[in-house]
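Have a look at the structure below before the remarks.
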Amino acid sequence: ALAGMEIVADDYVLLEPDSLTAHAMQSTAKLTEDSAARLGVPVGAIDPAGFELTLEGPAKALVDLRRLAPDTLSRRLEVAGVVAPVLSLRQAAHIAAARGLGEVEPAVREISAGEALRAVAPSTIVQAGFGGGRSLATLADLVRRVPAYALELSPDPAANVAAVDRLVTELG
């Protein structure tokens, strides 16, 4: 959103399976302090309640995307593909050694439907609770119908955005 890309959600969407349309459920994102700093999120955009511990571990704070990047939030978008972010061991070592920006370029590679499902299913099942079986079936159908990619992350958020932007342009 900060790079001007259209966004429908941070985590949660309602998926219309027939048309592969993702519908917005909320207009907020949750960020860790480190993520907020690396992305350059202004302090005024972070919820005054601040960073609070989450079930998944690190403390996160809410950011209102409508205030942060008002022209990027959409009510719905067509799903053209699935992108699973990956931090490779090579990149993790590079980041730990240098902690500088731009040293490792992001890489995008096509992955199988099975790999895509393994990337998105765990958090969906945990967060969906009792509806997990039906959600898993919907996700399995989705990853069979659209191309899927792994995005090997760079420590430079702008480079990651540019890689996703190129992929979106290629997908049309």
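Note on naming: chains are A, B, ... as they come in the structure tokens, residues start from 1 per chain, ligands start from 1 in the order shown.
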
Identify, with DSSP run on backbone atoms, the residues in chain A assigned to helix (DSSP H, G or I), and express the list as a PyMOL selection string. chain A and resi 33-39+43-45+65-68+89-98+113-145+157-171

Please identify all polymer residues within 12 Å of Leu167 in chain A, counting only C-alpha atoms, omitting same-chain residues fewer than 2 positions from it, and present them as a PyMOL selection string. chain A and resi 80-83+106-110+147-151+160-165+169-172

Which one is closest to Thr21 in chain A: A:Val79, A:Val43, A:Val63, A:Ala9? Count only C-alpha atoms.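 Of all the options, A:Val79 lies closest to Thr21 in chain A.
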
CA of Asp141 in chain A to CA of Pro17 in chain A, distance in Å rounded to a single decimal: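 Between CA of Asp141 in chain A and CA of Pro17 in chain A the gap works out to 8.2 Å.
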
Kindly indicate which residue among A:Leu31, A:Leu39, A:Ala159, A:Ile125 lies nearest to Glu52 in chain A, using only C-alpha atoms for the distances.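 For Glu52 in chain A, the nearest of the candidates is A:Leu31.
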
I want to know what sits within 9 Å of Ala121 in chain A, based on only C-alpha atoms, with residues of the same chain fewer than 6 positions away left out; could you give that as a ChimeraX atom specification? /A:135-136,139-140

Can you write out the residues you just picked, keeping N, CA and C atoms, as a short mmCIF file (atom, residue, chain, number, x, y, z; two decimals), in the first residue's frame?
```cif
data_model
loop_
_atom_site.label_atom_id
_atom_site.label_comp_id
_atom_site.auth_asym_id
_atom_site.auth_seq_id
_atom_site.Cartn_x
_atom_site.Cartn_y
_atom_site.Cartn_z
N SER A 135 -12.65 -24.22 4.67
CA SER A 135 -11.68 -23.21 4.22
C SER A 135 -10.52 -23.87 3.48
N LEU A 136 -10.05 -25.00 3.99
CA LEU A 136 -8.96 -25.72 3.34
C LEU A 136 -9.37 -26.19 1.95
N LEU A 139 -9.29 -23.19 -0.32
CA LEU A 139 -7.91 -22.84 -0.65
C LEU A 139 -7.31 -23.82 -1.65
N ALA A 140 -7.58 -25.10 -1.48
CA ALA A 140 -7.05 -26.11 -2.41
C ALA A 140 -7.57 -25.86 -3.81
#
```

Tell me, as number ranges by chain, which residues lie within 12 Å of Pro157 in chain A, counting only C-alpha atoms; anything in the same chain fewer than 2 positions away does not count. A: 1-3, 34-40, 85, 100-106, 152-155, 159-164

Using DSSP secondary structure from the backbone, list all strand (DSSP E) positions within chain A, as a ChimeraX atom specification. /A:13-16,21-24,28-32,52-54,57-64,76-78,82-86,107-111,148-152
